[in-house]
Amino acid sequence: MIKAWMEIISNRPIAKNIYKMELKGELVQRITRPGQFVQIKVDDSFDLLLRRPISIAEYNAEKNTMTLIYRAEGAGTKRLSRKKASELVDVFGPLGNGFPVEETKEKALLVGGGIGVPPLYELSKQLVQNGVEVVHVLGFSTKAAVFYEQEFKELGETFVATVDGTFGAKGTVMDIINEQRFTFETLYTCGPTPMLKAIEEAFPHKKVFLSLEERMGCGIGACFACVRRTKTDANDSGYKKICTDGPVFRIGEVMLEC
Amino acid sequence: MIKAWMEIISNRPIAKNIYKMELKGELVQRITRPGQFVQIKVDDSFDLLLRRPISIAEYNAEKNTMTLIYRAEGAGTKRLSRKKASELVDVFGPLGNGFPVEETKEKALLVGGGIGVPPLYELSKQLVQNGVEVVHVLGFSTKAAVFYEQEFKELGETFVATVDGTFGAKGTVMDIINEQRFTFETLYTCGPTPMLKAIEEAFPHKKVFLSLEERMGCGIGACFACVRRTKTDANDSGYKKICTDGPVFRIGEVMLEC
Amino acid sequence: MLTVKLPGLELKNPIMPASGCFGFGREFAKLYDLSKLGAIMIKATTLEPRFGNPTPRVAETPSGMLNAIGLQNPGLKKVMEEELPWLSQFDVPIIANIAGSTVEEYVEVAKEISKAPNVKALELNISCPNVKQGGIMFGTVPEVAGHLTEAVKNVSSVPVYVKLSPNVTDIVAMAKAVEKAGADGITMINTLLGMRIDVKTGRSIIANGTGGLSGPAVKPIAVRMIYQVSQSVEIPVIGMGGIMNVDDCIEFLQAGAKAVAIGTANFVNPYVCVELIDALPNRLKELGFDHVNECVGRSWKDEKSSSNSCP
Amino acid sequence: MLTVKLPGLELKNPIMPASGCFGFGREFAKLYDLSKLGAIMIKATTLEPRFGNPTPRVAETPSGMLNAIGLQNPGLKKVMEEELPWLSQFDVPIIANIAGSTVEEYVEVAKEISKAPNVKALELNISCPNVKQGGIMFGTVPEVAGHLTEAVKNVSSVPVYVKLSPNVTDIVAMAKAVEKAGADGITMINTLLGMRIDVKTGRSIIANGTGGLSGPAVKPIAVRMIYQVSQSVEIPVIGMGGIMNVDDCIEFLQAGAKAVAIGTANFVNPYVCVELIDALPNRLKELGFDHVNECVGRSWKDEKSSSNSCP
Ligand SMILES: Cc1cc2nc3c(=O)[nH]c(=O)nc-3n(C[C@H](O)[C@H](O)[C@H](O)COP(=O)(O)OP(=O)(O)OC[C@H]3O[C@@H](n4cnc5c(N)ncnc54)[C@H](O)[C@@H]3O)c2cc1C
Ligand SMILES: Cc1cc2nc3c(=O)[nH]c(=O)nc-3n(C[C@H](O)[C@H](O)[C@H](O)COP(=O)(O)OP(=O)(O)OC[C@H]3O[C@@H](n4cnc5c(N)ncnc54)[C@H](O)[C@@H]3O)c2cc1C
Ligand SMILES: Cc1cc2nc3c(=O)[nH]c(=O)nc-3n(C[C@H](O)[C@H](O)[C@H](O)COP(=O)(O)O)c2cc1C
Ligand SMILES: Cc1cc2nc3c(=O)[nH]c(=O)nc-3n(C[C@H](O)[C@H](O)[C@H](O)COP(=O)(O)O)c2cc1C
Ligand code: FES
Ligand code: FES
């Protein structure tokens, strides 16, 4: 990991409050896996003090570029969304372990919820490159929030659910999963904790990799802000850090909450 | 006074660390006198919380424009200096009383030191317009810090001193004043307190108007941050507020310090 | 949906300028109609006029500011004869902030100023950290604060709110002491004692040396203290300390304040109070509240029914 | 021009990471050579391993952050057997931050950890406001803090620095109490107790409820307290609380600290410590200092010779 000034190539909305930012810089050379993330300092003022963790949605080592997809909701991501091409951003990364692409030889199910969808895109691309068949199940709140459906379709079969039924199936990713009864070798998922929990319950004996989120301090394992208890060890002090041991964990490796 | 978003027409360096910013907006209509100031919120972040008081160096009611000249020294003015044309700035003003142009009929001496020079420019323009003969004495630290010498020359005789002698006379404005022994009806001055004190001592019986500076909170007279004791009244509670009763005071009206 | 009832105060809305950041209203009256405000907390009044501290009296700090005004004010007589009558043209209750160096001075000011028809409550400034005599003393020892409160209560014609200093080890003990002494309400927090040194001169920017820290920087401390105090006393709390926007107001209410005061933000945006009053109804609706009172104390009311700690 | 001598410590420079913001150095060792640092204050060590508090454990606030890590650490045994030996590859003195729930626990940890060859000093964390048992108690009552200091001094093989909590009415009384009890130095400040509520849920963002405030927001409070304490005790002060840049370091030295520690800033800029070390000599020169020691206490040393208040 390094701290580097990366140049904004583009930064534009792709759905309601969802922005896509393309960045260029040497940092890209260090990315080893889909599902890794970076920590961004929104600007050089102190009021929004901490860095914002954002997943790498796509990267291209040849062109030295990477793409972030983020929701402009809080103060920091809103400020980020106002940045323009050619401005520089202070990026620290790549951080975290990322998805184990090599764990799938034949068929993978990729399940994403809302702002958990982006890291699955690079993952899907790399799986497809390895000759793996991919199926995507993506959940969003409403039609206006849907993004990248087309991009995923180009890589494999893609199902979309919206909670209010304004696009795709009405309901959650679990409704689609329950209905379609997919077969798969590996399941990769990223999204809100309730979704991850439902998946964990539905597939206790499958090879599942979940990407977790937590509020972070350092992002590199030094501050103990982002821990999860290890499952086997709920009553003593066994734990993993999401920022370095994760964000991707094998099912059962850590408890999903606290 | 109003709080308004004004558009930056231009913002560029005119001397070492000295920037000239031209702004456009309706606020200009409310300016009544040279020597008034505005309070600028540098940006919408909280870390540089307070507004920065900056004098109006020039204004044009017909074009709705005004010019500020400021030194980029601290964090706020440095951020201000990075702003570009067409960006908007949050300006509150006009504030303060300003210089009484009408107090001079024939000949005025204008004495400015460093970043106290800017408000004298509009003053000089208006005096000249009224048929008054103006003489300028401007003091700077060094050649690289000199600005607006040419502009002042076009309005009247102009003497420049630099402390290190790299431009104009070596020394301070007082050296020039002592040497030239100007005659004048009124003296208007703005600059560092030691300079103002020297002027006060040199011309105790003249019609002198001094523009003072102080760290401010509200800028409108509500917080009592910017008071000066009135001269006649040093031992009790008599005072004036620089932000509303000033920044321009008649010689002897207030104590220059504390 | 914004009305709030507090001892002595019928507020149109829960937003009011904090003492010392609004003078006696004259300056802000040029910017908007003061009748829009829930109330006005006027600048601390002392028995005699005071000049206050040497300048510079303010300094900026990260997301905050220091002040050491030193209670400059025109004194009781002028406030009674000029400022309060002038303010009576507006339909807005006045909360008179009072200060002093001795119990007797407080008592004298309280007795007189509480008789003014538009003064609906007193705010006892027991915590101004700038004035060397008094101030810090009253506000940091529970017994002393209680004694002062009692003395003022005895003479005041209107309810008495005590303004707590955050510069204490145990804010709850302070709150309980003034409640026990008869306070009708609590306002909090006053400023935190701080300092900024100019590295070029090696000296404090504020001539007085130290000053009181306010602004967004102190907000987490204010919220924590209000959260603790509002659960521990029966009397209402008016909250302040770093409020800048409408979400900050709601945060203070949820922490347990029944109304809020805006200090430093008036310097950043002189229209802030009316803008907050205008923005509050919509934001409340967005968050699912029908009345501002529904927010009050939600952070700890919720806690009691369900725990948010790990099983 | 940067060397500083303190009890037990020969510092190459006065810059060190603060406890809890640097773990045991392993992560930052991937970014730069730890031997560049003046010292390292390692994460609080307790007798037994601790898991700490539920998550979320951090929240951002204006120019600051709250944390309620809850002293998570691998426990004395692992620190002695793994972390300290690993750190011994670097030419840098270690200041071991220790915590506990009882005097006995502190004593036991102090006795053992002070024997590690690279531990040159202890830092008694008497002020962590997050841990319900202990912490807050030790750090807010002078006698209790003094008693603990004495007990630890009795068993420690290296000098003992006591880390003061800012959540007190009288910081000078705390400092004097630990000085009297034999402390070799003081480090300050630890975090201020704060809270942030998520207006959407109405609850604290930090699962623990309250957390410790750090970062630039608290800097004026840290500077004020160091200014007060450094004038009142004979033992040296290591200062911390919101330092972000080289001018902040100098401000702390001028306030009276002999060296400084960097906490939260490591999260904002992971290279901050080495960048400060590199930037310090030039800035000192610019300000007219030949050695970092010349800055120390300048704010109050100057005051004594000339007054900056109005005549
Ligand atoms: C490993 C990881 C990968 C992520 N990838 C993405 C992504 O690809 N796209 C995306 O839109 N979001 C992603 N998030 C969530 C993203 O970090 C938050 O939405 C963002 O930090 C919120 O910042 P803000 O300025 O909008 O909100 P604010 O409320 O201003 O944030 C305040 C503070 O809280 C933290 N915070 C707030 N919400 C979250 C959250 N949900 N998770 C972690 N920290 C939070 C912020 O980082 C900041 O420190 C990811 C989070 C993690 C941990
Ligand atoms: C009535 C008036 C008119 C002024 N006109 C001009 C002008 O035309 N051009 C110009 O360059 N400067 C002018 N100044 C000075 C200018 O306000 C300060 O240089 C500026 O505020 C410094 O801000 P900063 O962000 O650079 O410094 P910082 O150190 O970041 O400022 C921190 C805080 O201190 C205040 N502050 C710092 N220095 C001063 C100062 N000298 N006077 C008042 N407040 C200060 C800032 O406003 C801010 O609140 C004027 C000041 C006053 C009071
Ligand atoms: C310039 C200034 C002057 C103040 N004067 C007083 C005062 O006279 N009496 C008082 O009780 N509080 C005074 N305060 C404290 C405020 O009323 C308020 O409690 C504090 O600033 C925290 O709120 P804020 O962060 O919104 O400013 C003053 C604050 C400032 C900034
Ligand atoms: C995440 C975090 C963890 C901390 N853990 C400890 C600790 O274990 N022991 C301790 O004495 N102080 C701890 N602190 C306090 C810091 O060492 C420091 O005193 C405080 O944060 C102020 O400095 P800063 O503003 O530079 O961060 C911690 C601070 C943070 C932010
Ligand atoms: S964020 Fe610091 S340990 Fe994970
Ligand atoms: S700046 Fe507030 S009274 Fe002048």
# chains A, B, ... in the order shown; residues from 1 in each chain; ligands from 1
call {"tool": "residues_near_ligand", "arguments": {"ligand": "ligand 1", "cutoff": "8 Å", "atoms": "only C-alpha atoms and all ligand atoms", "output": "PyMOL selection string"}}
result
(chain A and resi 18+36-38+48-57+68-79+96+115-119+211-217+242-243+247) or (chain D and resi 58-61)
call {"tool": "calpha_fit_and_write", "arguments": {"fixed": "chain A", "moving": "chain B", "output": "tab-separated table (two decimals) with C-alpha atoms, in the first residue's frame"}}
result
chain	number	residue	atom	x	y	z
B	1	MET	CA	-0.01	0.03	0.02
B	2	ILE	CA	1.04	3.58	-0.64
B	3	LYS	CA	-0.39	7.03	-0.13
B	4	ALA	CA	-0.58	8.74	-3.48
B	5	TRP	CA	-2.19	11.62	-5.29
B	6	MET	CA	-4.31	10.17	-8.04
B	7	GLU	CA	-5.77	12.13	-10.88
B	8	ILE	CA	-9.49	12.15	-11.50
B	9	ILE	CA	-10.23	11.06	-15.05
B	10	SER	CA	-13.97	11.34	-14.64
B	11	ASN	CA	-16.49	11.63	-11.85
B	12	ARG	CA	-20.16	11.48	-12.69
B	13	PRO	CA	-23.51	10.22	-11.43
B	14	ILE	CA	-24.66	6.83	-12.75
B	15	ALA	CA	-27.78	6.47	-10.61
B	16	LYS	CA	-29.55	8.42	-7.92
B	17	ASN	CA	-26.79	9.64	-5.56
B	18	ILE	CA	-24.45	7.02	-7.01
B	19	TYR	CA	-21.23	8.28	-8.57
B	20	LYS	CA	-18.57	6.62	-10.62
B	21	MET	CA	-15.05	8.01	-10.29
B	22	GLU	CA	-12.20	6.95	-12.50
B	23	LEU	CA	-8.73	7.55	-11.10
B	24	LYS	CA	-5.28	7.27	-12.58
B	25	GLY	CA	-1.97	6.62	-10.85
B	26	GLU	CA	0.81	4.21	-9.96
B	27	LEU	CA	-1.11	2.92	-6.96
B	28	VAL	CA	-3.05	0.71	-9.36
B	29	GLN	CA	0.07	-1.41	-9.87
B	30	ARG	CA	-0.21	-2.66	-6.32
B	31	ILE	CA	-3.75	-3.97	-6.51
B	32	THR	CA	-3.65	-7.73	-6.26
B	33	ARG	CA	-7.27	-8.81	-6.07
B	34	PRO	CA	-10.83	-7.67	-6.67
B	35	GLY	CA	-12.51	-6.69	-3.42
B	36	GLN	CA	-9.61	-4.68	-2.09
B	37	PHE	CA	-10.38	-1.11	-1.06
B	38	VAL	CA	-8.75	2.28	-0.74
B	39	GLN	CA	-9.06	4.98	1.90
B	40	ILE	CA	-9.72	8.44	0.50
B	41	LYS	CA	-9.07	11.78	2.14
B	42	VAL	CA	-11.85	13.89	0.75
B	43	ASP	CA	-9.88	17.15	0.82
B	44	ASP	CA	-7.19	18.89	2.82
B	45	SER	CA	-9.54	20.42	5.38
B	46	PHE	CA	-9.72	18.92	8.85
B	47	ASP	CA	-13.43	19.00	9.50
B	48	LEU	CA	-14.01	15.69	7.71
B	49	LEU	CA	-11.00	14.23	9.40
B	50	LEU	CA	-11.02	10.54	8.59
B	51	ARG	CA	-10.42	8.77	5.33
B	52	ARG	CA	-13.37	7.13	3.58
B	53	PRO	CA	-13.02	3.44	2.71
B	54	ILE	CA	-14.25	2.73	-0.82
B	55	SER	CA	-13.97	-0.54	-2.71
B	56	ILE	CA	-12.15	-0.82	-5.98
B	57	ALA	CA	-14.89	-1.57	-8.51
B	58	GLU	CA	-12.62	-2.11	-11.49
B	59	TYR	CA	-8.95	-1.66	-12.30
B	60	ASN	CA	-6.70	-1.75	-15.29
B	61	ALA	CA	-3.03	-2.23	-14.57
B	62	GLU	CA	-2.00	-1.43	-18.13
B	63	LYS	CA	-3.71	1.93	-18.16
B	64	ASN	CA	-2.95	2.60	-14.51
B	65	THR	CA	-6.62	3.34	-13.87
B	66	MET	CA	-9.18	2.22	-11.37
B	67	THR	CA	-12.86	2.90	-10.85
B	68	LEU	CA	-14.70	3.62	-7.64
B	69	ILE	CA	-18.45	3.60	-7.35
B	70	TYR	CA	-19.81	5.33	-4.31
B	71	ARG	CA	-22.97	6.69	-2.83
B	72	ALA	CA	-22.92	10.42	-2.05
B	73	GLU	CA	-24.79	10.35	1.20
B	74	GLY	CA	-22.77	11.79	4.06
B	75	ALA	CA	-20.72	14.96	4.10
B	76	GLY	CA	-17.52	13.38	2.78
B	77	THR	CA	-18.87	11.47	-0.17
B	78	LYS	CA	-20.96	14.52	-1.09
B	79	ARG	CA	-17.83	16.62	-1.25
B	80	LEU	CA	-16.15	13.90	-3.24
B	81	SER	CA	-18.98	13.94	-5.74
B	82	ARG	CA	-18.32	17.62	-6.49
B	83	LYS	CA	-14.75	16.97	-7.61
B	84	LYS	CA	-13.97	17.42	-11.27
B	85	ALA	CA	-11.75	15.74	-13.82
B	86	SER	CA	-8.03	16.60	-13.54
B	87	GLU	CA	-8.29	17.32	-9.81
B	88	LEU	CA	-6.09	15.20	-7.57
B	89	VAL	CA	-7.30	13.03	-4.70
B	90	ASP	CA	-5.29	11.69	-1.79
B	91	VAL	CA	-5.68	7.90	-1.91
B	92	PHE	CA	-4.23	5.33	0.48
B	93	GLY	CA	-4.22	1.73	-0.61
B	94	PRO	CA	-4.75	-0.84	-1.84
B	95	LEU	CA	-5.96	-2.24	1.46
B	96	GLY	CA	-7.44	-5.55	2.60
B	97	ASN	CA	-7.31	-9.07	1.23
B	98	GLY	CA	-9.91	-9.12	-1.52
B	99	PHE	CA	-11.92	-11.96	-3.03
B	100	PRO	CA	-10.14	-15.26	-3.71
B	101	VAL	CA	-10.76	-15.59	-7.44
B	102	GLU	CA	-8.86	-18.87	-7.55
B	103	GLU	CA	-11.41	-20.60	-5.33
B	104	THR	CA	-13.75	-21.10	-8.28
B	105	LYS	CA	-13.13	-23.24	-11.28
B	106	GLU	CA	-16.56	-23.65	-12.81
B	107	LYS	CA	-19.51	-21.64	-11.61
B	108	ALA	CA	-19.89	-18.77	-9.22
B	109	LEU	CA	-22.88	-16.94	-7.82
B	110	LEU	CA	-22.26	-13.24	-7.12
B	111	VAL	CA	-24.76	-11.56	-4.82
B	112	GLY	CA	-24.60	-7.80	-4.27
B	113	GLY	CA	-26.80	-5.37	-2.36
B	114	GLY	CA	-26.82	-1.62	-3.05
B	115	ILE	CA	-23.43	-0.09	-2.59
B	116	GLY	CA	-22.04	-3.60	-2.06
B	117	VAL	CA	-22.42	-4.27	-5.78
B	118	PRO	CA	-19.31	-2.40	-7.08
B	119	PRO	CA	-16.49	-4.74	-5.93
B	120	LEU	CA	-18.32	-7.66	-7.53
B	121	TYR	CA	-17.80	-6.14	-10.95
B	122	GLU	CA	-14.03	-6.59	-11.08
B	123	LEU	CA	-14.46	-9.98	-9.44
B	124	SER	CA	-16.89	-11.05	-12.13
B	125	LYS	CA	-14.59	-9.83	-14.88
B	126	GLN	CA	-11.68	-11.83	-13.51
B	127	LEU	CA	-13.80	-14.93	-12.99
B	128	VAL	CA	-15.02	-14.77	-16.56
B	129	GLN	CA	-11.46	-14.31	-17.73
B	130	ASN	CA	-10.61	-17.52	-15.89
B	131	GLY	CA	-13.35	-19.32	-17.77
B	132	VAL	CA	-15.74	-19.40	-14.84
B	133	GLU	CA	-19.47	-19.14	-15.47
B	134	VAL	CA	-20.94	-16.33	-13.38
B	135	VAL	CA	-24.47	-15.55	-12.29
B	136	HIS	CA	-25.26	-12.19	-10.70
B	137	VAL	CA	-28.03	-11.36	-8.29
B	138	LEU	CA	-28.19	-7.67	-7.53
B	139	GLY	CA	-30.50	-5.95	-5.09
B	140	PHE	CA	-31.38	-2.25	-4.95
B	141	SER	CA	-33.91	-0.15	-3.09
B	142	THR	CA	-35.65	1.27	-6.13
B	143	LYS	CA	-35.32	1.74	-9.86
B	144	ALA	CA	-33.51	5.06	-9.59
B	145	ALA	CA	-30.78	3.42	-7.51
B	146	VAL	CA	-30.01	0.63	-9.99
B	147	PHE	CA	-26.62	0.81	-11.68
B	148	TYR	CA	-24.32	-1.42	-13.75
B	149	GLU	CA	-27.07	-3.87	-14.69
B	150	GLN	CA	-25.95	-3.74	-18.32
B	151	GLU	CA	-22.28	-4.17	-17.44
B	152	PHE	CA	-23.01	-7.27	-15.39
B	153	LYS	CA	-25.26	-8.68	-18.10
B	154	GLU	CA	-22.37	-8.63	-20.50
B	155	LEU	CA	-20.47	-10.92	-18.16
B	156	GLY	CA	-23.17	-13.40	-17.31
B	157	GLU	CA	-26.75	-14.01	-16.38
B	158	THR	CA	-27.99	-11.16	-14.17
B	159	PHE	CA	-31.02	-10.93	-11.93
B	160	VAL	CA	-32.09	-7.66	-10.37
B	161	ALA	CA	-34.48	-7.12	-7.48
B	162	THR	CA	-35.78	-3.84	-6.12
B	163	VAL	CA	-37.45	-3.58	-2.76
B	164	ASP	CA	-40.30	-1.52	-4.19
B	165	GLY	CA	-40.58	-3.55	-7.36
B	166	THR	CA	-39.96	-0.59	-9.66
B	167	PHE	CA	-37.29	-2.55	-11.52
B	168	GLY	CA	-36.70	-6.28	-11.95
B	169	ALA	CA	-38.26	-8.55	-9.38
B	170	LYS	CA	-39.99	-7.08	-6.37
B	171	GLY	CA	-38.19	-7.97	-3.17
B	172	THR	CA	-34.66	-8.74	-2.11
B	173	VAL	CA	-31.83	-10.81	-3.50
B	174	MET	CA	-32.99	-13.61	-1.20
B	175	ASP	CA	-36.33	-13.76	-2.97
B	176	ILE	CA	-34.55	-14.32	-6.26
B	177	ILE	CA	-32.18	-16.85	-4.74
B	178	ASN	CA	-35.01	-18.78	-3.16
B	179	GLU	CA	-36.95	-18.80	-6.38
B	180	GLN	CA	-34.16	-19.63	-8.80
B	181	ARG	CA	-32.44	-22.25	-6.67
B	182	PHE	CA	-29.11	-21.67	-8.41
B	183	THR	CA	-26.42	-24.27	-8.44
B	184	PHE	CA	-22.92	-22.94	-7.90
B	185	GLU	CA	-19.49	-23.91	-6.69
B	186	THR	CA	-18.77	-20.67	-4.86
B	187	LEU	CA	-20.85	-17.73	-3.65
B	188	TYR	CA	-19.28	-14.30	-3.38
B	189	THR	CA	-21.27	-11.54	-1.73
B	190	CYS	CA	-21.08	-7.97	-0.55
B	191	GLY	CA	-23.84	-5.79	0.86
B	192	PRO	CA	-25.73	-4.82	3.99
B	193	THR	CA	-25.34	-7.04	7.03
B	194	PRO	CA	-28.95	-8.34	7.07
B	195	MET	CA	-28.40	-9.61	3.52
B	196	LEU	CA	-25.14	-11.29	4.47
B	197	LYS	CA	-26.83	-12.92	7.44
B	198	ALA	CA	-29.61	-14.28	5.28
B	199	ILE	CA	-27.04	-15.74	2.90
B	200	GLU	CA	-25.09	-17.23	5.75
B	201	GLU	CA	-28.21	-18.93	7.03
B	202	ALA	CA	-29.26	-20.15	3.61
B	203	PHE	CA	-25.93	-21.71	2.69
B	204	PRO	CA	-24.24	-22.96	5.84
B	205	HIS	CA	-22.39	-25.73	4.02
B	206	LYS	CA	-21.39	-23.94	0.86
B	207	LYS	CA	-18.18	-22.21	-0.09
B	208	VAL	CA	-19.22	-18.62	0.58
B	209	PHE	CA	-17.09	-15.49	0.75
B	210	LEU	CA	-18.58	-12.38	2.34
B	211	SER	CA	-17.19	-8.88	2.21
B	212	LEU	CA	-17.87	-6.95	5.43
B	213	GLU	CA	-18.01	-3.25	6.29
B	214	GLU	CA	-17.19	-1.41	9.46
B	215	ARG	CA	-16.32	2.12	10.52
B	216	MET	CA	-12.56	2.40	10.36
B	217	GLY	CA	-9.77	4.42	11.87
B	218	CYS	CA	-6.41	3.47	10.38
B	219	GLY	CA	-7.45	1.00	7.68
B	220	ILE	CA	-4.23	-0.97	8.17
B	221	GLY	CA	-4.73	-2.98	11.32
B	222	ALA	CA	-3.21	-0.67	13.92
B	223	CYS	CA	-6.17	0.81	15.78
B	224	PHE	CA	-8.54	-2.12	16.48
B	225	ALA	CA	-11.56	-0.13	15.27
B	226	CYS	CA	-12.86	-2.72	12.83
B	227	VAL	CA	-12.73	-6.07	14.57
B	228	ARG	CA	-15.13	-8.99	14.44
B	229	ARG	CA	-15.10	-11.86	16.86
B	230	THR	CA	-14.07	-15.16	15.33
B	231	LYS	CA	-16.93	-17.59	15.33
B	232	THR	CA	-15.35	-20.41	17.18
B	233	ASP	CA	-14.38	-18.13	19.93
B	234	ALA	CA	-17.32	-15.96	20.91
B	235	ASN	CA	-16.59	-15.84	24.60
B	236	ASP	CA	-12.94	-15.03	24.66
B	237	SER	CA	-10.72	-12.64	22.79
B	238	GLY	CA	-10.41	-14.24	19.36
B	239	TYR	CA	-10.97	-11.71	16.59
B	240	LYS	CA	-10.12	-10.64	13.06
B	241	LYS	CA	-9.69	-7.17	11.64
B	242	ILE	CA	-11.88	-6.27	8.71
B	243	CYS	CA	-9.34	-3.84	7.29
B	244	THR	CA	-6.48	-6.32	7.01
B	245	ASP	CA	-7.78	-9.85	7.66
B	246	GLY	CA	-10.81	-8.86	5.58
B	247	PRO	CA	-12.85	-7.23	4.25
B	248	VAL	CA	-13.52	-10.65	2.66
B	249	PHE	CA	-14.05	-13.59	4.98
B	250	ARG	CA	-14.95	-17.18	4.42
B	251	ILE	CA	-18.38	-18.07	5.76
B	252	GLY	CA	-18.18	-18.87	9.45
B	253	GLU	CA	-14.81	-17.26	9.90
B	254	VAL	CA	-16.13	-14.30	11.90
B	255	MET	CA	-19.35	-13.22	13.50
B	256	LEU	CA	-21.24	-10.82	11.29
B	257	GLU	CA	-22.01	-8.34	14.04
B	258	CYS	CA	-20.08	-6.66	16.86
call {"tool": "closest_atom_pairs", "arguments": {"of": "chain D", "to": "chain A", "cutoff": "10 Å", "atoms": "only C-alpha atoms", "output": "Markdown table"}}
result
| residue | atom | partner | partner_atom | distance |
| --- | --- | --- | --- | --- |
| D:Ser19 | CA | A:Cys223 | CA | 9.6 |
| D:Gly20 | CA | A:Cys223 | CA | 6.1 |
| D:Cys21 | CA | A:Cys223 | CA | 5.4 |
| D:Phe22 | CA | A:Ala222 | CA | 5.3 |
| D:Gly23 | CA | A:Ala222 | CA | 4.4 |
| D:Phe24 | CA | A:Ala222 | CA | 7.5 |
| D:Gly25 | CA | A:Ala222 | CA | 7.6 |
| D:Arg26 | CA | A:Ala222 | CA | 7.9 |
| D:Glu27 | CA | A:Ala222 | CA | 6.2 |
| D:Phe28 | CA | A:Ala222 | CA | 8.0 |
| D:Lys30 | CA | A:Met1 | CA | 8.4 |
| D:Leu31 | CA | A:Ile2 | CA | 7.6 |
| D:Lys43 | CA | A:Cys223 | CA | 8.6 |
| D:Glu48 | CA | A:Ser237 | CA | 9.6 |
| D:Pro49 | CA | A:Ser237 | CA | 6.6 |
| D:Arg50 | CA | A:Ser237 | CA | 5.9 |
| D:Phe51 | CA | A:Ser237 | CA | 4.7 |
| D:Gly52 | CA | A:Ser237 | CA | 8.4 |
| D:Asn53 | CA | A:Cys258 | CA | 8.3 |
| D:Pro54 | CA | A:Cys258 | CA | 4.8 |
| D:Thr55 | CA | A:Cys258 | CA | 4.9 |
| D:Pro56 | CA | A:Arg215 | CA | 6.0 |
| D:Arg57 | CA | A:Ala225 | CA | 5.4 |
| D:Val58 | CA | A:Ala225 | CA | 6.3 |
| D:Ala59 | CA | A:Arg215 | CA | 7.2 |
| D:Glu60 | CA | A:Leu50 | CA | 6.7 |
| D:Thr61 | CA | A:Leu48 | CA | 7.5 |
| D:Pro62 | CA | A:Asp47 | CA | 4.7 |
| D:Ser63 | CA | A:Asp47 | CA | 3.9 |
| D:Gly64 | CA | A:Leu49 | CA | 6.2 |
| D:Met65 | CA | A:Leu49 | CA | 7.5 |
| D:Leu66 | CA | A:Gly217 | CA | 9.9 |
| D:Asn67 | CA | A:Ala225 | CA | 7.9 |
| D:Ala68 | CA | A:Ala225 | CA | 8.2 |
| D:Ile69 | CA | A:Ala225 | CA | 6.1 |
| D:Gly70 | CA | A:Phe224 | CA | 9.3 |
| D:Leu71 | CA | A:Phe224 | CA | 9.0 |
| D:Gln72 | CA | A:Phe224 | CA | 6.9 |
| D:Asn73 | CA | A:Phe224 | CA | 8.6 |
| D:Pro74 | CA | A:Ser237 | CA | 8.2 |
| D:Gly75 | CA | A:Ser237 | CA | 10.0 |
| D:Ile205 | CA | A:Arg215 | CA | 9.7 |
| D:Ile206 | CA | A:Arg215 | CA | 9.6 |
| D:Ala207 | CA | A:Cys258 | CA | 8.6 |
| D:Gly215 | CA | A:Leu49 | CA | 8.1 |
| D:Pro216 | CA | A:Phe46 | CA | 7.5 |
| D:Ala217 | CA | A:Asp47 | CA | 8.6 |
| D:Met244 | CA | A:Phe46 | CA | 9.2 |
| D:Thr264 | CA | A:Gly217 | CA | 8.3 |
| D:Ala265 | CA | A:Leu49 | CA | 8.8 |
| D:Asn266 | CA | A:Cys218 | CA | 7.2 |
| D:Phe267 | CA | A:Cys218 | CA | 4.4 |
| D:Val268 | CA | A:Leu50 | CA | 5.7 |
| D:Asn269 | CA | A:Lys3 | CA | 8.1 |
| D:Pro270 | CA | A:Cys218 | CA | 7.9 |
| D:Tyr271 | CA | A:Lys3 | CA | 8.3 |
call {"tool": "atom_distance", "arguments": {"atom1": "atom CA of Ser214 of chain D", "atom2": "atom 17 (O, counted along the ligand's line) of ligand 4"}}
result
8.6 Å
call {"tool": "select_by_dssp", "arguments": {"residues": "segment 17-213 of chain D", "states": "strand (DSSP E or B)", "output": "PyMOL selection string"}}
result
chain D and resi 17+40-45+50+58-61+64-67+73+94-98+119-125+160-163+185-188+192-194+197-198+203-204+211-213
